[in-house]
Amino acid sequence: MLGSPRYFYTFSSRVLPWLTPIALLTLAAGLVWGLAFAPADYQQGNSYRIIFIHVPASSGALMGYMALGVSGLVAVVWRMKMAEVMLKSIAPFGAALAAISLVTGALWGKPTWGTYWQWDARMTSMLILLFMYVGVIALQAVIRDPRQAARAAGLLAMVGVINVVIVKYSVEWVQTLHQGSTLKMFGESTIDPAMKYPLLLSMLGLWLLYAVNVLLRARTEVLWRERRSKWVSKRVKEGEH
Amino acid sequence: MNAARKQRLILVVSILVGLAIACGLMFYALRQNINLFFTPQQVMAGEAPLETQMRVGGLVEEGSVVRDQETLDVQFVLTDGKGRFTVHYQGILPDLFREGQGIVANGTLISRNRFEAEEVLAKHDETYMPPEVQDALEKAGHPGAKKGSEQ
């Protein structure tokens, strides 16, 4: 059902009006709580607060890339049109988040570690993640035929998933300047609840905002690809959006 | 699944598995070079090269920091529980530098127990808590309260 561009279009029209405000409010609540009301850290004082931007951005970039890889797989193997649309819609926001992650990480690194950048495994693999995103975007831009572009970009997207695994586990497998994960899927997180909840809220808010961005981009892409179809011209004639 | 899709799926999966194995082997082979620093244990075992630009990482031993009163010279012992050696540095240390803290130093190993640092970076751990909580933990004698930075 969601595989049909037309169905996706009507479905997203219904979802966006409530998903957008929820995403913005969640993100705003998380950020205000974290930046203004959460307690300072015992070692880093207030400079740790950049975590409320750095961690949501990094996790968003990683999850976005996983979604990009899955879209790539579906686009290459099953040749589904919506997967091709997703391949194009997921990448830009993810690339922006990867860039934000690198910049906020550098700004955080200077006051705490004493350096903006070190070529350690976590930072280098995160930089490669940004390049993978840019590569997927660029590949789709240079190949004229959208279906061929999707196959090439899909393959690149899938290959890049290996790097996501490296980013995630780099801090456990080798010695890095970057510390290990604070939030743990299993077991206790090593962060005080007064800091953890605003962090989780900011993460959720940013992920939802990412979803909103993907839906908006996908809608534009669907309209463009289906511009010669009857349902699109009918919508245009009736003045609907 | 029809034959064409199945073939594409097999092709894609085998490309990915092949690449993943290749990356895994490469990562494994280069492990030593991907590590950002040598640990005191490795330095003691003679795995780290002498008189070569490199990084070492470990904990600053409690009570080992000696600051020169007139200059910016500072000297401390780097340890990981399995090895220890002296680090000498001239310059301003990062704010998070303290005894018991994890650090990474960039410089050269003069001998097996003396490292001349040109740059000292502080590592910090993945623990975040308000100062009051830290105080309470310390008062209660919690083992994790006054911990260093290494995991």
# chains A, B, ... in the order shown; residues from 1 in each chain; ligands from 1
>>> interface_residues(of="chain A", to="chain B", cutoff="10 Å", atoms="only C-alpha atoms", output="VMD selection string")
chain A and resid 38 to 45 48 73 to 74 76 to 79 109 to 115 118 to 121 155 158 to 163 166 170 to 183 189 to 196
>>> select_by_dssp(residues="chain B", states="alpha helix (DSSP H)", output="PyMOL selection string")
chain B and resi 3-29+31-34+40-44+131-139
>>> write_last_selection(atoms="N, CA and C atoms", output="compact mmCIF listing (two decimals), in the first residue's frame")
# COMPACT_ATOMS: atom_id res chain seq x y z
N ALA B 3 12.38 -15.09 -10.16
CA ALA B 3 13.77 -15.48 -10.38
C ALA B 3 14.72 -14.28 -10.47
N ALA B 4 14.27 -13.22 -11.19
CA ALA B 4 15.14 -12.06 -11.38
C ALA B 4 15.47 -11.39 -10.04
N ARG B 5 14.42 -11.24 -9.21
CA ARG B 5 14.64 -10.59 -7.91
C ARG B 5 15.56 -11.43 -7.04
N LYS B 6 15.32 -12.75 -7.09
CA LYS B 6 16.11 -13.65 -6.28
C LYS B 6 17.59 -13.53 -6.66
N GLN B 7 17.81 -13.47 -7.97
CA GLN B 7 19.19 -13.36 -8.45
C GLN B 7 19.84 -12.06 -7.97
N ARG B 8 19.07 -10.97 -8.07
CA ARG B 8 19.59 -9.68 -7.64
C ARG B 8 19.89 -9.69 -6.14
N LEU B 9 18.96 -10.33 -5.38
CA LEU B 9 19.14 -10.39 -3.93
C LEU B 9 20.41 -11.16 -3.59
N ILE B 10 20.60 -12.30 -4.26
CA ILE B 10 21.79 -13.12 -4.00
C ILE B 10 23.05 -12.32 -4.35
N LEU B 11 22.99 -11.63 -5.48
CA LEU B 11 24.14 -10.83 -5.91
C LEU B 11 24.48 -9.74 -4.88
N VAL B 12 23.43 -9.01 -4.49
CA VAL B 12 23.63 -7.91 -3.54
C VAL B 12 24.15 -8.44 -2.21
N VAL B 13 23.53 -9.51 -1.72
CA VAL B 13 23.94 -10.05 -0.42
C VAL B 13 25.38 -10.55 -0.49
N SER B 14 25.74 -11.19 -1.61
CA SER B 14 27.13 -11.69 -1.66
C SER B 14 28.14 -10.54 -1.77
N ILE B 15 27.76 -9.47 -2.49
CA ILE B 15 28.66 -8.29 -2.53
C ILE B 15 28.86 -7.74 -1.12
N LEU B 16 27.74 -7.60 -0.40
CA LEU B 16 27.82 -7.02 0.93
C LEU B 16 28.60 -7.89 1.90
N VAL B 17 28.32 -9.21 1.85
CA VAL B 17 29.03 -10.13 2.76
C VAL B 17 30.53 -10.09 2.44
N GLY B 18 30.86 -10.10 1.15
CA GLY B 18 32.26 -10.05 0.74
C GLY B 18 32.94 -8.79 1.24
N LEU B 19 32.26 -7.64 1.05
CA LEU B 19 32.84 -6.37 1.49
C LEU B 19 32.97 -6.31 3.00
N ALA B 20 31.94 -6.84 3.69
CA ALA B 20 31.98 -6.81 5.16
C ALA B 20 33.17 -7.63 5.66
N ILE B 21 33.38 -8.80 5.04
CA ILE B 21 34.51 -9.64 5.44
C ILE B 21 35.83 -8.91 5.14
N ALA B 22 35.91 -8.31 3.96
CA ALA B 22 37.13 -7.58 3.57
C ALA B 22 37.41 -6.46 4.58
N CYS B 23 36.35 -5.69 4.92
CA CYS B 23 36.52 -4.59 5.87
C CYS B 23 36.93 -5.12 7.23
N GLY B 24 36.29 -6.23 7.63
CA GLY B 24 36.60 -6.82 8.93
C GLY B 24 38.06 -7.22 9.01
N LEU B 25 38.55 -7.87 7.97
CA LEU B 25 39.94 -8.33 7.93
C LEU B 25 40.90 -7.13 7.95
N MET B 26 40.53 -6.10 7.17
CA MET B 26 41.37 -4.91 7.10
C MET B 26 41.44 -4.25 8.47
N PHE B 27 40.27 -4.13 9.08
CA PHE B 27 40.18 -3.51 10.40
C PHE B 27 41.03 -4.30 11.39
N TYR B 28 40.94 -5.64 11.28
CA TYR B 28 41.68 -6.50 12.20
C TYR B 28 43.19 -6.36 11.98
N ALA B 29 43.57 -6.35 10.70
CA ALA B 29 44.99 -6.26 10.36
C ALA B 29 45.58 -4.91 10.78
N ARG B 31 44.45 -3.00 13.13
CA ARG B 31 44.01 -2.69 14.48
C ARG B 31 45.02 -1.85 15.24
N GLN B 32 46.29 -2.27 15.16
CA GLN B 32 47.34 -1.59 15.90
C GLN B 32 47.49 -0.14 15.43
N ASN B 33 47.29 0.08 14.14
CA ASN B 33 47.43 1.45 13.62
C ASN B 33 46.19 2.28 13.85
N ILE B 34 45.04 1.59 13.97
CA ILE B 34 43.81 2.35 14.18
C ILE B 34 43.73 2.81 15.63
N PRO B 40 50.26 2.08 28.70
CA PRO B 40 51.49 1.86 29.48
C PRO B 40 51.95 0.40 29.44
N GLN B 41 51.00 -0.51 29.45
CA GLN B 41 51.35 -1.94 29.38
C GLN B 41 52.14 -2.24 28.11
N GLN B 42 51.67 -1.69 26.98
CA GLN B 42 52.37 -1.92 25.71
C GLN B 42 53.75 -1.27 25.70
N VAL B 43 53.83 -0.09 26.34
CA VAL B 43 55.11 0.60 26.39
C VAL B 43 56.10 -0.23 27.20
N MET B 44 55.66 -0.76 28.35
CA MET B 44 56.53 -1.57 29.19
C MET B 44 56.96 -2.84 28.46
N PRO B 131 26.95 17.75 40.30
CA PRO B 131 27.97 17.75 41.35
C PRO B 131 27.43 17.22 42.69
N GLU B 132 26.15 17.52 42.99
CA GLU B 132 25.59 17.09 44.27
C GLU B 132 25.55 15.58 44.37
N VAL B 133 25.22 14.95 43.23
CA VAL B 133 25.15 13.49 43.21
C VAL B 133 26.55 12.92 43.44
N GLN B 134 27.53 13.55 42.78
CA GLN B 134 28.93 13.12 42.94
C GLN B 134 29.35 13.23 44.41
N ASP B 135 28.98 14.37 45.05
CA ASP B 135 29.32 14.57 46.47
C ASP B 135 28.68 13.48 47.33
N ALA B 136 27.40 13.22 47.06
CA ALA B 136 26.68 12.23 47.84
C ALA B 136 27.32 10.85 47.69
N LEU B 137 27.69 10.52 46.44
CA LEU B 137 28.33 9.22 46.19
C LEU B 137 29.65 9.13 46.94
N GLU B 138 30.39 10.23 46.94
CA GLU B 138 31.69 10.24 47.60
C GLU B 138 31.54 10.06 49.10
N LYS B 139 30.54 10.77 49.66
CA LYS B 139 30.29 10.67 51.11
C LYS B 139 29.90 9.25 51.50
>>> atom_distance(atom1="CA of Met66 in chain A", atom2="CA of Ser101 in chain A")
16.6 Å
>>> residues_around(residues="Ile110 in chain B", least_positions_apart="4", cutoff="9 Å", atoms="only C-alpha atoms", output="ChimeraX atom specification")
/B:50-52,114-116
>>> write_last_selection(atoms="N, CA and C atoms", output="PDB file, in the first residue's frame")
ATOM      1  N   LEU B  50      60.774   3.564  20.268  1.00  0.00           N
ATOM      2  CA  LEU B  50      61.465   4.663  20.940  1.00  0.00           C
ATOM      3  C   LEU B  50      61.779   5.764  19.937  1.00  0.00           C
ATOM      4  N   GLU B  51      61.848   6.995  20.430  1.00  0.00           N
ATOM      5  CA  GLU B  51      62.275   8.138  19.622  1.00  0.00           C
ATOM      6  C   GLU B  51      61.456   8.333  18.345  1.00  0.00           C
ATOM      7  N   THR B  52      60.174   8.033  18.423  1.00  0.00           N
ATOM      8  CA  THR B  52      59.292   8.213  17.271  1.00  0.00           C
ATOM      9  C   THR B  52      58.061   8.965  17.759  1.00  0.00           C
ATOM     10  N   ARG B 114      60.281   6.956  30.224  1.00  0.00           N
ATOM     11  CA  ARG B 114      60.193   8.414  30.151  1.00  0.00           C
ATOM     12  C   ARG B 114      59.626   8.847  28.803  1.00  0.00           C
ATOM     13  N   PHE B 115      58.541   9.626  28.879  1.00  0.00           N
ATOM     14  CA  PHE B 115      57.869  10.104  27.684  1.00  0.00           C
ATOM     15  C   PHE B 115      57.890  11.623  27.671  1.00  0.00           C
ATOM     16  N   GLU B 116      58.346  12.174  26.556  1.00  0.00           N
ATOM     17  CA  GLU B 116      58.409  13.628  26.423  1.00  0.00           C
ATOM     18  C   GLU B 116      57.170  14.068  25.628  1.00  0.00           C
TER      19      GLU B 116
END
>>> residues_around(residues="range 217-223 of chain A", least_positions_apart="3", cutoff="12 Å", atoms="only C-alpha atoms", output="PyMOL selection string")
chain A and resi 3-13+16+81-93+146+210-214+226-236+241
>>> write_last_selection(atoms="C-alpha atoms", output="JSON list (two decimals), in the first residue's frame")
[["chain", "number", "residue", "atom", "x", "y", "z"],
["A", 3, "GLY", "CA", 4.50, 1.20, -2.04],
["A", 4, "SER", "CA", 2.07, 3.10, -4.22],
["A", 5, "PRO", "CA", 3.14, 6.73, -4.72],
["A", 6, "ARG", "CA", -0.46, 7.88, -4.88],
["A", 7, "TYR", "CA", -1.38, 6.16, -1.64],
["A", 8, "PHE", "CA", 1.76, 7.54, 0.00],
["A", 9, "TYR", "CA", 0.78, 11.04, -1.05],
["A", 10, "THR", "CA", -2.67, 10.93, 0.54],
["A", 11, "PHE", "CA", -1.36, 9.07, 3.57],
["A", 12, "SER", "CA", 1.38, 11.65, 4.21],
["A", 13, "SER", "CA", -1.16, 14.49, 3.78],
["A", 16, "LEU", "CA", 2.01, 15.63, 8.44],
["A", 81, "LYS", "CA", 9.39, 3.13, -6.79],
["A", 82, "MET", "CA", 8.78, 4.36, -3.28],
["A", 83, "ALA", "CA", 12.14, 2.94, -2.17],
["A", 84, "GLU", "CA", 13.78, 5.00, -4.92],
["A", 85, "VAL", "CA", 11.91, 8.07, -3.70],
["A", 86, "MET", "CA", 13.04, 7.36, -0.13],
["A", 87, "LEU", "CA", 16.63, 6.91, -1.24],
["A", 88, "LYS", "CA", 16.51, 10.46, -2.49],
["A", 89, "SER", "CA", 14.53, 11.91, 0.43],
["A", 90, "ILE", "CA", 16.43, 10.44, 3.38],
["A", 91, "ALA", "CA", 19.95, 11.54, 2.42],
["A", 92, "PRO", "CA", 19.98, 15.39, 2.70],
["A", 93, "PHE", "CA", 18.78, 15.69, 6.31],
["A", 146, "PRO", "CA", 16.11, 8.38, -11.92],
["A", 210, "TYR", "CA", 13.80, 13.96, 10.47],
["A", 211, "ALA", "CA", 10.70, 11.90, 9.62],
["A", 212, "VAL", "CA", 8.77, 15.10, 8.82],
["A", 213, "ASN", "CA", 11.58, 16.25, 6.55],
["A", 214, "VAL", "CA", 11.70, 12.89, 4.75],
["A", 226, "GLU", "CA", 4.27, 11.16, -11.30],
["A", 227, "ARG", "CA", 3.81, 14.52, -13.01],
["A", 228, "ARG", "CA", 2.42, 12.87, -16.13],
["A", 229, "SER", "CA", -0.05, 10.67, -14.25],
["A", 230, "LYS", "CA", -3.76, 11.32, -14.08],
["A", 231, "TRP", "CA", -4.03, 11.64, -10.31],
["A", 232, "VAL", "CA", -1.45, 14.39, -10.16],
["A", 233, "SER", "CA", -2.98, 16.45, -12.97],
["A", 234, "LYS", "CA", -6.40, 15.98, -11.41],
["A", 235, "ARG", "CA", -5.08, 17.28, -8.08],
["A", 236, "VAL", "CA", -3.46, 20.23, -9.79],
["A", 241, "HIS", "CA", -2.00, 20.24, -2.52]]
>>> select_by_dssp(residues="range 34-111 of chain B", states="strand (DSSP E)", output="number ranges by chain")
B: 53-60, 66-67, 73-79, 84-90, 102-111
>>> closest_residue(among="A:Ile50, A:Ala29, A:Ala75, A:Met126", to="Tyr169 in chain A", atoms="only C-alpha atoms")
A:Met126
>>> atom_distance(atom1="CA of Tyr65 in chain A", atom2="CA of Gly30 in chain A")
23.3 Å
>>> atom_distance(atom1="CA of Leu68 in chain A", atom2="CA of Arg151 in chain A")
12.5 Å
>>> residues_around(residues="range 88-91 of chain B", least_positions_apart="2", cutoff="12 Å", atoms="only C-alpha atoms", output="ChimeraX atom specification")
/B:64-68,70-78,85-86,93-94,105-110,113-121
>>> write_last_selection(atoms="C-alpha atoms", output="compact mmCIF listing (two decimals), in the first residue's frame")
# COMPACT_ATOMS: atom_id res chain seq x y z
CA SER B 64 52.19 11.74 41.01
CA VAL B 65 51.77 15.21 39.51
CA VAL B 66 54.77 17.47 40.13
CA ARG B 67 54.55 21.05 38.90
CA ASP B 68 57.56 23.30 38.65
CA GLU B 70 58.66 28.85 38.15
CA THR B 71 57.97 27.36 34.74
CA LEU B 72 55.17 25.49 33.01
CA ASP B 73 57.04 22.21 33.43
CA VAL B 74 54.90 19.42 34.74
CA GLN B 75 55.68 15.80 35.35
CA PHE B 76 53.35 12.93 36.18
CA VAL B 77 53.13 9.15 36.06
CA LEU B 78 50.93 7.52 33.47
CA PHE B 85 56.12 5.47 33.20
CA THR B 86 56.85 9.14 33.66
CA LEU B 93 47.15 21.38 30.56
CA PRO B 94 43.46 21.03 29.60
CA ALA B 105 49.63 12.48 25.25
CA ASN B 106 51.34 13.11 21.93
CA GLY B 107 55.13 13.08 21.88
CA THR B 108 58.13 10.78 21.90
CA LEU B 109 59.30 7.99 24.12
CA ILE B 110 62.86 8.81 25.27
CA ASN B 113 60.04 4.85 31.39
CA ARG B 114 60.19 8.41 30.15
CA PHE B 115 57.87 10.10 27.68
CA GLU B 116 58.41 13.63 26.42
CA ALA B 117 54.94 15.06 25.60
CA GLU B 118 54.28 17.91 23.19
CA GLU B 119 50.54 17.84 23.65
CA VAL B 120 48.35 16.51 26.45
CA LEU B 121 44.67 15.81 25.85
>>> decode(residues="range 95-108 of chain A", atoms="N, CA and C atoms", output="PDB file, in the first residue's frame")
ATOM      1  N   ALA A  95      22.745  13.933   5.976  1.00  0.00           N
ATOM      2  CA  ALA A  95      24.049  14.557   5.744  1.00  0.00           C
ATOM      3  C   ALA A  95      24.203  15.792   6.629  1.00  0.00           C
ATOM      4  N   ALA A  96      23.120  16.575   6.746  1.00  0.00           N
ATOM      5  CA  ALA A  96      23.168  17.776   7.594  1.00  0.00           C
ATOM      6  C   ALA A  96      23.425  17.376   9.044  1.00  0.00           C
ATOM      7  N   LEU A  97      22.771  16.314   9.507  1.00  0.00           N
ATOM      8  CA  LEU A  97      22.960  15.883  10.895  1.00  0.00           C
ATOM      9  C   LEU A  97      24.383  15.388  11.131  1.00  0.00           C
ATOM     10  N   ALA A  98      24.922  14.655  10.142  1.00  0.00           N
ATOM     11  CA  ALA A  98      26.311  14.183  10.288  1.00  0.00           C
ATOM     12  C   ALA A  98      27.259  15.375  10.406  1.00  0.00           C
ATOM     13  N   ALA A  99      26.998  16.412   9.599  1.00  0.00           N
ATOM     14  CA  ALA A  99      27.835  17.615   9.661  1.00  0.00           C
ATOM     15  C   ALA A  99      27.689  18.303  11.016  1.00  0.00           C
ATOM     16  N   ILE A 100      26.446  18.391  11.506  1.00  0.00           N
ATOM     17  CA  ILE A 100      26.213  19.016  12.821  1.00  0.00           C
ATOM     18  C   ILE A 100      26.931  18.221  13.905  1.00  0.00           C
ATOM     19  N   SER A 101      26.873  16.900  13.789  1.00  0.00           N
ATOM     20  CA  SER A 101      27.536  16.045  14.764  1.00  0.00           C
ATOM     21  C   SER A 101      29.040  16.326  14.801  1.00  0.00           C
ATOM     22  N   LEU A 102      29.644  16.455  13.625  1.00  0.00           N
ATOM     23  CA  LEU A 102      31.090  16.702  13.559  1.00  0.00           C
ATOM     24  C   LEU A 102      31.446  18.077  14.123  1.00  0.00           C
ATOM     25  N   VAL A 103      30.641  19.087  13.766  1.00  0.00           N
ATOM     26  CA  VAL A 103      30.937  20.447  14.218  1.00  0.00           C
ATOM     27  C   VAL A 103      30.737  20.571  15.738  1.00  0.00           C
ATOM     28  N   THR A 104      29.594  20.063  16.248  1.00  0.00           N
ATOM     29  CA  THR A 104      29.368  20.168  17.691  1.00  0.00           C
ATOM     30  C   THR A 104      30.387  19.326  18.453  1.00  0.00           C
ATOM     31  N   GLY A 105      30.788  18.201  17.865  1.00  0.00           N
ATOM     32  CA  GLY A 105      31.805  17.362  18.501  1.00  0.00           C
ATOM     33  C   GLY A 105      33.116  18.102  18.628  1.00  0.00           C
ATOM     34  N   ALA A 106      33.498  18.829  17.573  1.00  0.00           N
ATOM     35  CA  ALA A 106      34.742  19.594  17.600  1.00  0.00           C
ATOM     36  C   ALA A 106      34.656  20.704  18.650  1.00  0.00           C
ATOM     37  N   LEU A 107      33.502  21.388  18.682  1.00  0.00           N
ATOM     38  CA  LEU A 107      33.328  22.478  19.643  1.00  0.00           C
ATOM     39  C   LEU A 107      33.328  21.968  21.077  1.00  0.00           C
ATOM     40  N   TRP A 108      32.868  20.760  21.258  1.00  0.00           N
ATOM     41  CA  TRP A 108      32.844  20.151  22.585  1.00  0.00           C
ATOM     42  C   TRP A 108      34.243  19.644  22.936  1.00  0.00           C
TER      43      TRP A 108
END
